[in-house]
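Enquirer: You'll find protein_0.tsv just under this line, and it carries TSV, C-alpha atoms and all ligand atoms.
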chain	number	residue	atom	x	y	z
A	1042	MET	CA	-8.23	30.31	5.03
A	1043	SER	CA	-8.00	32.75	2.18
A	1044	LEU	CA	-9.04	33.09	-1.41
A	1045	LEU	CA	-6.73	31.47	-3.97
A	1046	PRO	CA	-5.20	33.92	-6.49
A	1047	TRP	CA	-7.20	32.61	-9.47
A	1048	HIS	CA	-10.56	32.90	-7.71
A	1049	GLY	CA	-11.07	36.64	-8.09
A	1050	GLU	CA	-13.58	36.45	-10.91
A	1051	ILE	CA	-15.63	33.58	-9.51
A	1052	TRP	CA	-15.64	35.25	-6.11
A	1053	GLU	CA	-17.32	38.25	-7.72
A	1054	ARG	CA	-19.91	35.97	-9.28
A	1055	LEU	CA	-20.67	34.33	-5.94
A	1056	ASN	CA	-20.87	37.68	-4.23
A	1057	GLY	CA	-23.17	38.91	-6.97
A	1058	LEU	CA	-25.74	36.40	-5.69
A	1059	LYS	CA	-26.08	38.29	-2.43
A	1060	GLY	CA	-29.47	39.88	-1.96
A	1061	ARG	CA	-31.13	37.21	-4.10
A	1062	LEU	CA	-29.29	34.23	-2.70
A	1063	PRO	CA	-30.55	30.90	-4.12
A	1064	HIS	CA	-31.33	28.12	-1.65
A	1065	ALA	CA	-28.87	25.85	-3.37
A	1066	VAL	CA	-25.69	26.64	-5.28
A	1067	LEU	CA	-23.72	24.02	-7.17
A	1068	LEU	CA	-20.07	24.87	-7.54
A	1069	LYS	CA	-18.70	22.63	-10.28
A	1070	GLY	CA	-15.40	22.21	-12.06
A	1071	ARG	CA	-12.44	19.90	-12.35
A	1072	MET	CA	-10.79	18.36	-9.33
A	1073	GLY	CA	-7.85	20.11	-7.75
A	1074	ILE	CA	-8.61	23.77	-8.53
A	1075	GLY	CA	-9.70	24.73	-5.01
A	1076	LYS	CA	-13.50	24.56	-5.19
A	1077	LEU	CA	-13.79	23.39	-1.59
A	1078	THR	CA	-11.52	26.19	-0.34
A	1079	LEU	CA	-13.63	28.68	-2.25
A	1080	ALA	CA	-16.90	27.24	-0.95
A	1081	GLN	CA	-15.64	27.36	2.63
A	1082	TYR	CA	-14.43	30.91	2.22
A	1083	TRP	CA	-17.80	31.92	0.82
A	1084	ALA	CA	-19.68	30.19	3.66
A	1085	LYS	CA	-17.44	31.96	6.14
A	1086	ALA	CA	-18.16	35.27	4.42
A	1087	LEU	CA	-21.93	34.65	4.52
A	1088	LEU	CA	-21.74	33.93	8.24
A	1089	CYS	CA	-19.30	36.73	9.10
A	1090	GLU	CA	-20.89	39.39	11.27
A	1091	LYS	CA	-18.59	42.21	10.18
A	1092	PRO	CA	-17.73	41.52	6.51
A	1093	GLY	CA	-15.22	43.77	4.76
A	1094	GLN	CA	-15.79	46.15	1.88
A	1095	TRP	CA	-15.70	43.33	-0.73
A	1096	ASP	CA	-17.91	41.19	1.51
A	1097	GLU	CA	-14.92	39.14	2.51
A	1098	PRO	CA	-14.94	37.54	5.99
A	1099	CYS	CA	-13.31	39.83	8.57
A	1100	GLY	CA	-11.50	36.97	10.31
A	1101	ARG	CA	-11.92	38.67	13.71
A	1102	CYS	CA	-15.60	38.50	14.69
A	1103	VAL	CA	-17.02	35.76	16.88
A	1104	ALA	CA	-18.58	34.03	13.85
A	1105	CYS	CA	-15.26	33.98	11.97
A	1106	GLY	CA	-13.58	32.64	15.10
A	1107	TRP	CA	-16.05	29.77	15.36
A	1108	PHE	CA	-15.78	29.06	11.66
A	1109	GLN	CA	-11.99	28.88	11.83
A	1110	GLN	CA	-12.22	26.45	14.72
A	1111	GLY	CA	-14.72	24.34	12.81
A	1112	ASN	CA	-17.59	24.80	15.25
A	1113	HIS	CA	-19.88	27.52	13.91
A	1114	PRO	CA	-23.35	26.41	15.06
A	1115	ASP	CA	-24.99	27.44	11.77
A	1116	PHE	CA	-22.59	25.61	9.49
A	1117	ARG	CA	-22.32	21.94	8.55
A	1118	LEU	CA	-19.78	20.31	6.26
A	1119	VAL	CA	-20.96	16.96	4.91
A	1120	GLU	CA	-18.29	14.70	3.45
A	1121	PRO	CA	-18.11	10.96	2.74
A	1122	ASP	CA	-18.42	9.09	6.01
A	1123	SER	CA	-15.10	7.72	7.21
A	1124	SER	CA	-16.41	6.00	10.32
A	1125	GLY	CA	-15.70	2.31	10.39
A	1126	GLU	CA	-12.72	2.70	8.11
A	1127	GLU	CA	-9.89	0.55	9.32
A	1128	GLY	CA	-6.20	1.05	8.97
A	1129	THR	CA	-3.78	3.88	9.41
A	1130	GLU	CA	-3.64	7.28	7.79
A	1131	SER	CA	-1.62	5.91	4.91
A	1132	GLY	CA	-2.08	7.25	1.42
A	1133	GLU	CA	-3.95	4.13	0.52
A	1134	SER	CA	-6.60	4.52	3.18
A	1135	ARG	CA	-7.01	8.17	2.25
A	1136	VAL	CA	-7.78	7.08	-1.29
A	1137	LYS	CA	-10.17	4.38	-0.07
A	1138	ARG	CA	-11.98	6.86	2.11
A	1139	SER	CA	-12.31	9.35	-0.70
A	1140	ARG	CA	-14.15	6.67	-2.67
A	1141	GLN	CA	-16.83	6.27	-0.03
A	1142	HIS	CA	-20.35	7.54	-0.18
A	1143	ILE	CA	-22.35	10.18	1.55
A	1144	GLY	CA	-25.21	8.15	3.02
A	1145	VAL	CA	-28.83	8.91	3.74
A	1146	GLU	CA	-28.23	9.16	7.50
A	1147	GLN	CA	-25.85	12.04	6.95
A	1148	ILE	CA	-28.46	13.94	4.94
A	1149	ARG	CA	-31.15	13.20	7.55
A	1150	ASP	CA	-28.85	14.60	10.25
A	1151	LEU	CA	-28.55	17.66	8.09
A	1152	SER	CA	-32.33	18.04	7.95
A	1153	ASP	CA	-32.43	17.94	11.75
A	1154	PHE	CA	-29.82	20.69	11.86
A	1155	LEU	CA	-31.79	22.77	9.36
A	1156	ASN	CA	-35.05	22.35	11.27
A	1157	VAL	CA	-33.66	24.27	14.22
A	1158	SER	CA	-33.64	28.02	13.77
A	1159	SER	CA	-30.38	29.84	13.19
A	1160	HIS	CA	-28.27	30.39	16.30
A	1161	ARG	CA	-26.99	33.77	15.23
A	1162	GLY	CA	-30.05	35.01	13.34
A	1163	GLY	CA	-28.28	34.74	9.97
A	1164	PHE	CA	-27.92	31.97	7.43
A	1165	ARG	CA	-27.73	28.27	8.07
A	1166	ILE	CA	-25.32	26.75	5.62
A	1167	ALA	CA	-24.83	23.15	4.58
A	1168	LEU	CA	-21.78	22.41	2.44
A	1169	ILE	CA	-21.81	19.03	0.70
A	1170	HIS	CA	-18.49	17.87	-0.72
A	1171	PRO	CA	-18.28	16.17	-3.10
A	1172	ALA	CA	-22.00	16.23	-3.77
A	1173	ASP	CA	-21.69	13.46	-6.37
A	1174	ALA	CA	-20.61	11.11	-3.56
A	1175	MET	CA	-24.21	11.02	-2.31
A	1176	ASN	CA	-25.77	7.63	-2.95
A	1177	ALA	CA	-29.30	7.47	-4.40
A	1178	PRO	CA	-31.19	7.44	-1.05
A	1179	ALA	CA	-29.08	10.38	0.17
A	1180	ALA	CA	-29.77	12.36	-3.00
A	1181	ASN	CA	-33.49	11.64	-2.61
A	1182	ALA	CA	-33.45	12.81	0.98
A	1183	LEU	CA	-31.66	15.98	-0.06
A	1184	LEU	CA	-34.19	16.56	-2.80
A	1185	LYS	CA	-37.01	16.65	-0.24
A	1186	THR	CA	-35.18	19.37	1.68
A	1187	LEU	CA	-34.42	21.28	-1.51
A	1188	GLU	CA	-38.12	21.24	-2.41
A	1189	GLU	CA	-39.09	22.96	0.82
A	1190	PRO	CA	-36.07	24.83	2.10
A	1191	GLY	CA	-36.45	26.76	5.33
A	1192	ALA	CA	-35.87	30.51	5.35
A	1193	GLY	CA	-32.19	31.44	5.47
A	1194	THR	CA	-31.07	27.96	4.45
A	1195	VAL	CA	-28.25	27.77	1.92
A	1196	PHE	CA	-26.93	24.57	0.40
A	1197	ILE	CA	-23.54	24.71	-1.22
A	1198	LEU	CA	-22.87	21.63	-3.31
A	1199	VAL	CA	-19.35	21.11	-4.61
A	1200	SER	CA	-18.84	18.62	-7.41
A	1201	HIS	CA	-16.15	17.42	-9.83
A	1202	HIS	CA	-18.67	15.15	-11.59
A	1203	PRO	CA	-22.00	17.05	-11.64
A	1204	GLN	CA	-23.28	14.68	-14.36
A	1205	ARG	CA	-23.47	12.02	-11.66
A	1206	LEU	CA	-26.05	14.03	-9.72
A	1207	PRO	CA	-29.74	13.33	-10.39
A	1208	ALA	CA	-31.36	15.80	-12.79
A	1209	THR	CA	-33.96	16.55	-10.11
A	1210	VAL	CA	-31.23	17.80	-7.76
A	1211	LEU	CA	-29.39	19.69	-10.51
A	1212	SER	CA	-32.56	21.49	-11.55
A	1213	ARG	CA	-32.93	22.93	-8.05
A	1214	CYS	CA	-29.40	24.32	-7.91
A	1215	HIS	CA	-28.02	27.56	-9.19
A	1216	GLN	CA	-24.95	26.29	-11.05
A	1217	ILE	CA	-21.63	28.08	-11.12
A	1218	SER	CA	-18.64	26.74	-13.05
A	1219	ALA	CA	-15.15	27.16	-11.67
A	1220	THR	CA	-12.86	27.27	-14.68
A	1221	ARG	CA	-9.30	26.06	-14.89
A	1222	PRO	CA	-6.94	28.71	-13.49
A	1223	ASP	CA	-4.71	30.79	-15.68
A	1224	PRO	CA	-1.38	28.85	-15.93
A	1225	GLY	CA	0.66	31.90	-14.90
A	1226	ALA	CA	-1.33	32.43	-11.70
A	1227	ALA	CA	-1.26	28.72	-10.96
A	1228	GLN	CA	2.51	28.46	-11.45
A	1229	GLY	CA	3.12	31.54	-9.34
A	1230	TRP	CA	1.07	30.06	-6.53
A	1231	LEU	CA	2.87	26.72	-6.81
A	1232	LYS	CA	6.23	28.51	-6.56
A	1233	GLU	CA	5.03	30.29	-3.43
A	1234	GLN	CA	4.16	26.91	-1.95
A	1235	GLY	CA	7.73	25.78	-2.61
A	1236	ALA	CA	6.75	23.26	-5.28
A	1237	ALA	CA	9.56	21.57	-7.20
A	1238	GLU	CA	9.17	21.80	-11.00
A	1239	PRO	CA	5.88	23.78	-10.87
A	1240	GLU	CA	5.45	23.78	-14.64
A	1241	LEU	CA	5.78	20.01	-14.92
A	1242	CYS	CA	3.56	19.36	-11.91
A	1243	LEU	CA	0.88	21.59	-13.40
A	1244	ALA	CA	1.07	19.78	-16.75
A	1245	GLU	CA	0.79	16.42	-15.02
A	1246	ALA	CA	-2.25	17.68	-13.09
A	1247	GLY	CA	-3.94	18.90	-16.28
A	1248	GLY	CA	-3.73	22.51	-15.07
A	1249	ALA	CA	-5.23	21.95	-11.60
A	1250	PRO	CA	-2.91	23.65	-9.06
A	1251	LEU	CA	-4.00	21.89	-5.86
A	1252	ALA	CA	-3.63	18.54	-7.58
A	1253	ALA	CA	-0.26	19.74	-8.94
A	1254	LEU	CA	0.93	20.48	-5.41
A	1255	GLU	CA	0.48	16.82	-4.55
A	1256	PHE	CA	2.83	15.94	-7.42
A	1257	SER	CA	5.55	18.33	-6.29
A	1258	ASP	CA	7.07	16.18	-3.59
A	1259	VAL	CA	10.71	15.49	-4.49
A	1260	GLU	CA	10.50	11.77	-3.73
A	1261	TYR	CA	7.31	11.48	-5.80
A	1262	ARG	CA	9.03	13.26	-8.73
A	1263	GLN	CA	11.85	10.70	-8.64
A	1264	VAL	CA	9.61	7.62	-8.45
A	1265	ARG	CA	7.50	8.95	-11.31
A	1266	LYS	CA	10.60	9.68	-13.39
A	1267	ASN	CA	11.99	6.19	-12.83
A	1268	PHE	CA	8.69	4.68	-13.87
A	1269	LEU	CA	8.37	6.77	-17.03
A	1270	ASP	CA	12.02	5.96	-17.84
A	1271	ALA	CA	11.03	2.31	-17.87
A	1272	LEU	CA	7.98	2.98	-20.07
A	1273	ALA	CA	10.22	4.83	-22.50
A	1274	LYS	CA	12.24	1.64	-23.07
A	1275	PRO	CA	9.59	-0.96	-23.91
A	1276	LYS	CA	12.21	-3.30	-25.44
A	1277	THR	CA	14.01	-3.78	-22.14
A	1278	LEU	CA	10.99	-3.33	-19.87
A	1279	ASP	CA	10.67	-6.28	-17.51
A	1280	PRO	CA	7.11	-6.26	-16.06
A	1281	ILE	CA	8.03	-8.59	-13.21
A	1282	VAL	CA	11.05	-6.60	-12.05
A	1283	LEU	CA	9.25	-3.28	-12.47
A	1284	ALA	CA	6.08	-4.43	-10.66
A	1285	ASP	CA	8.29	-5.62	-7.84
A	1286	ARG	CA	9.99	-2.23	-7.61
A	1287	LEU	CA	6.60	-0.50	-7.54
A	1288	GLN	CA	5.27	-2.33	-4.52
A	1289	LYS	CA	5.17	0.78	-2.38
A	1290	VAL	CA	3.27	2.75	-5.01
A	1291	GLU	CA	-0.52	2.74	-4.86
A	1292	PRO	CA	-1.97	0.71	-7.77
A	1293	ALA	CA	-4.30	3.61	-8.62
A	1294	ARG	CA	-1.23	5.82	-9.02
A	1295	ILE	CA	0.38	3.36	-11.44
A	1296	VAL	CA	-2.81	3.26	-13.51
A	1297	LEU	CA	-2.89	7.08	-13.62
A	1298	TRP	CA	0.73	7.25	-14.80
A	1299	LEU	CA	-0.01	4.69	-17.52
A	1300	GLN	CA	-3.17	6.56	-18.54
A	1301	LYS	CA	-1.36	9.88	-18.88
A	1302	TRP	CA	1.56	8.30	-20.71
A	1303	CYS	CA	-0.74	6.53	-23.17
A	1304	TYR	CA	-2.91	9.60	-23.56
A	1305	ASP	CA	0.28	11.46	-24.54
A	1306	LEU	CA	1.20	8.71	-27.02
A	1307	ALA	CA	-2.23	9.01	-28.63
A	1308	SER	CA	-2.23	12.79	-28.47
A	1309	LEU	CA	1.17	12.92	-30.16
A	1310	ARG	CA	0.01	10.63	-32.96
A	1311	LEU	CA	-3.26	12.48	-33.47
A	1312	ALA	CA	-2.55	16.09	-32.56
A	1313	GLY	CA	1.25	16.28	-32.58
A	1314	ARG	CA	1.64	17.29	-28.94
A	1315	VAL	CA	1.98	15.82	-25.47
A	1316	ARG	CA	-0.03	17.20	-22.61
A	1317	TYR	CA	0.78	15.53	-19.30
A	1318	ASN	CA	4.47	14.65	-19.56
A	1319	PRO	CA	6.25	17.46	-21.43
A	1320	ASP	CA	9.57	16.47	-19.82
A	1321	PHE	CA	9.31	13.15	-21.67
A	1322	ALA	CA	8.10	14.59	-24.98
A	1323	GLU	CA	11.10	13.38	-26.99
A	1324	ARG	CA	10.99	9.91	-25.54
A	1325	ILE	CA	7.24	9.68	-26.09
A	1326	ALA	CA	7.91	10.66	-29.69
A	1327	ALA	CA	10.39	7.79	-29.90
A	1328	VAL	CA	7.90	5.22	-28.55
A	1329	ALA	CA	4.84	6.48	-30.46
A	1330	PRO	CA	5.73	5.13	-33.94
A	1331	GLY	CA	5.98	1.60	-32.53
A	1332	THR	CA	2.49	1.65	-31.04
A	1333	ASP	CA	-0.55	0.58	-32.91
A	1334	LEU	CA	-3.31	3.21	-32.59
A	1335	PRO	CA	-6.36	0.92	-32.30
A	1336	GLY	CA	-4.39	-1.11	-29.73
A	1337	LEU	CA	-3.67	2.08	-27.83
A	1338	THR	CA	-7.38	2.94	-27.75
A	1339	ARG	CA	-8.17	-0.55	-26.43
A	1340	TYR	CA	-5.44	-0.30	-23.81
A	1341	LEU	CA	-6.75	3.07	-22.62
A	1342	ARG	CA	-10.15	1.41	-22.13
A	1343	THR	CA	-8.48	-1.38	-20.17
A	1344	LEU	CA	-6.89	1.26	-17.94
A	1345	VAL	CA	-10.27	2.90	-17.26
A	1346	ALA	CA	-11.58	-0.49	-16.13
A	1347	ALA	CA	-8.40	-1.08	-14.10
A	1348	GLN	CA	-8.88	2.26	-12.33
A	1349	ARG	CA	-12.20	0.98	-10.98
A	1350	VAL	CA	-10.61	-1.98	-9.21
A	1351	ALA	CA	-7.30	-0.25	-8.42
A	1352	GLN	CA	-8.44	0.62	-4.89
A	1353	HIS	CA	-8.71	-3.02	-3.92
A	1354	PRO	CA	-6.80	-5.28	-6.32
A	1355	LEU	CA	-6.55	-8.86	-5.07
A	1356	ASN	CA	-2.82	-8.81	-5.62
A	1357	SER	CA	-1.18	-5.45	-6.27
A	1358	ARG	CA	1.94	-6.92	-7.81
A	1359	LEU	CA	0.07	-9.15	-10.28
A	1360	PHE	CA	-2.22	-6.25	-11.06
A	1361	ALA	CA	0.75	-4.06	-12.05
A	1362	GLU	CA	2.48	-6.92	-13.88
A	1363	ASP	CA	-0.56	-7.54	-16.07
A	1364	LEU	CA	-0.88	-3.90	-17.03
A	1365	LEU	CA	2.83	-3.59	-17.78
A	1366	LEU	CA	2.88	-6.77	-19.83
A	1367	SER	CA	0.05	-5.45	-21.99
A	1368	TYR	CA	1.84	-2.12	-22.28
A	1369	ARG	CA	5.06	-3.78	-23.45
A	1370	GLU	CA	3.18	-5.66	-26.16
A	1371	LEU	CA	1.36	-2.51	-27.19
A	1372	ALA	CA	4.52	-0.39	-27.38
A	1373	GLN	CA	6.08	-2.88	-29.79
A	1374	SER	CA	2.96	-3.73	-31.75
A	1375	ARG	CA	4.06	-1.95	-34.93
A	1376	ARG	CA	7.67	-2.95	-34.80
A	1377	GLY	CA	7.21	-5.67	-37.43
A	1378	ASN	CA	5.65	-3.22	-39.86
A	1379	SER	CA	8.20	-0.48	-39.66
B	1	ZN	ZN	-16.08	37.96	10.61
If you took the structure in this file and wrote it as structure tokens, what would it be?
Ligand SMILES: [Zn+2]
Expert:
Amino acid sequence: MSLLPWHGEIWERLNGLKGRLPHAVLLKGRMGIGKLTLAQYWAKALLCEKPGQWDEPCGRCVACGWFQQGNHPDFRLVEPDSSGEEGTESGESRVKRSRQHIGVEQIRDLSDFLNVSSHRGGFRIALIHPADAMNAPAANALLKTLEEPGAGTVFILVSHHPQRLPATVLSRCHQISATRPDPGAAQGWLKEQGAAEPELCLAEAGGAPLAALEFSDVEYRQVRKNFLDALAKPKTLDPIVLADRLQKVEPARIVLWLQKWCYDLASLRLAGRVRYNPDFAERIAAVAPGTDLPGLTRYLRTLVAAQRVAQHPLNSRLFAEDLLLSYRELAQSRRGNS
């Protein structure tokens, strides 16, 4: 576990808290920029018994050893509960699991852990990720602990959607924003990871490198390209055939592709540029004049609603067919006028 290349500045800010460490720190910022990695690295540094000259974890002491093995007695990572989840480790179940909540029992367990004194005489650290996954009873339980934190207790909350946290919790956290990495640093890192088409992956991920890495798989690149190829030819797009071909693709993924494509259509009409799919810029420019702008806005709203049910559509194929049918109509909605 090491610091990511774009985390230098935020690492200094976190380190600057030392000496007057708040009981709760909220690390916020967009998904896929490595907030969890950073939070874990910081926790490891706080627990390290022989930190280096920049307060980085030494990686060799007994505390670092425990941390690396995931069993430091003064550290707890709280994530959405996956117990009771059925199915295999397929992509779909990973997505389902990531939608689950952090429940009140998990926060109560945390209180029990915090009520025992530190094993190593240092900090006791609770890392909650993502903090916005806490349901209301869990957030209330956490609030009680935040109101009367024990000595040496540090909460690190990581969140992509801090606005979903109750104001009462937010007000008790020292907030630190992780900004989007510099594109050069992000692309360099992606190249080091062996990512195919790092620039395009980064654009598709809205500048978030860890998210971009997930888009760099060669097979993924091809399936995405085939799909966008079909969107670029609305005249010949056959929703039934295409939905059939997409059966192995998660419905949530299809919605995301449609959202980014339509966002680019709107962005091109309004601001003259595409953001997510620069490799399709010319073809987006060819489709854009045929699309009706108010219709595009309505369709984007439909996609937001579709994203909510995309984890468990009753029938994935019909779900995709419906969305593609509406897209085909939309992409030809101004044809009669031109
Ligand atoms: Zn150490």
Enquirer: Within 7 Å of Ala1086 of chain A, counting only C-alpha atoms, which residues qualify if same-chain residues fewer than 4 places away don't, as a PyMOL selection string?
Expert: chain A and resi 1082+1092+1096-1098
Enquirer: Atom CA of Ser1152 of chain A to atom CA of Val1103 of chain A: how many Å, to one decimal?
Expert: 25.1 Å
Enquirer: Counting all atoms listed in the file, what residues are within 9 Å of ligand ZN 1 (chain B), given as a list of chain:residue names?
Expert: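 Checked against 9 Å with all atoms listed in the file; the hits are A:Lys1085, A:Ala1086, A:Leu1088, A:Cys1089, A:Glu1090, A:Lys1091, A:Pro1092, A:Gly1093, A:Glu1097, A:Pro1098, A:Cys1099, A:Gly1100, A:Arg1101, A:Cys1102, A:Val1103, A:Ala1104, A:Cys1105, A:Gly1106, A:Phe1108.
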Enquirer: Which residues, protein or nucleic acid, reach to within 6 Å of (-21.5, 30.9, -7.8) in the file's coordinates when using all atoms listed in the file, and can you give that as a list in words?
Expert: Arg1054, Leu1055 and Ile1217 of chain A
Enquirer: Can you tell me, as a ChimeraX atom specification, what residues are no more than 7 Å from segment 1060-1066 of chain A when counting only C-alpha atoms, ignoring any on the same chain fewer than 3 positions away?
Expert: /A:1190,1194-1198,1213-1216
Enquirer: Can you measure atom CA of Val1259 of chain A to atom CA of Asp1305 of chain A for me? One decimal in Å is fine.
Expert: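 Distance reported for this atom pair: 23.0 Å.
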Enquirer: Pick the closest to Gly1225 of chain A from A:Gly1248, A:Phe1321, A:Gly1193, A:Val1264: which is it, counting all atoms listed in the file?
Expert: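 The shortest atom-to-atom distance to Gly1225 of chain A comes from A:Gly1248.
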Enquirer: Considering all atoms listed in the file, can you say which of A:Arg1221, A:Arg1339, A:Arg1294, A:Arg1165 comes closest to Phe1256 of chain A?
Expert: A:Arg1294
Enquirer: Restricting the calculation to only C-alpha atoms, which member of A:Leu1364, A:Val1290, A:Leu1334, A:His1160 is positioned closest to Leu1309 of chain A?
Expert: A:Leu1334
Enquirer: To one decimal in Å, tell me the separation between atom CA of Ile1074 of chain A and atom CA of His1202 of chain A.
Expert: 13.6 Å
Enquirer: Please report, as AutoDock Vina command-line options, the centre and edge lengths in Å to one decimal of an axis-aligned box covering all listed atoms of segment 1052-1071 of chain A with 4 Å per side.
Expert:
--center_x -21.9 --center_y 29.9 --center_z -7.0 --size_x 26.9 --size_y 28.0 --size_z 18.7
Enquirer: Could you check the closest approach to Pro1203 of chain A for each of A:Asp1223, A:Asp1258, A:Glu1188, A:Asp1173 and tell me which residue wins, using only C-alpha atoms?
Expert: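 Counting only C-alpha atoms, the residue closest to Pro1203 of chain A is A:Asp1173.
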Enquirer: Restricting the calculation to only C-alpha atoms, which member of A:Leu1068, A:Leu1077, A:Ile1325, A:Ala1174 is positioned closest to Leu1251 of chain A?
Expert: A:Leu1077
Enquirer: Which polymer residues have any atom within 8 Å of an atom of Ala1273 of chain A, counting all atoms listed in the file, with same-chain residues fewer than 6 positions away left out, as a count of residues only?
Expert: 4
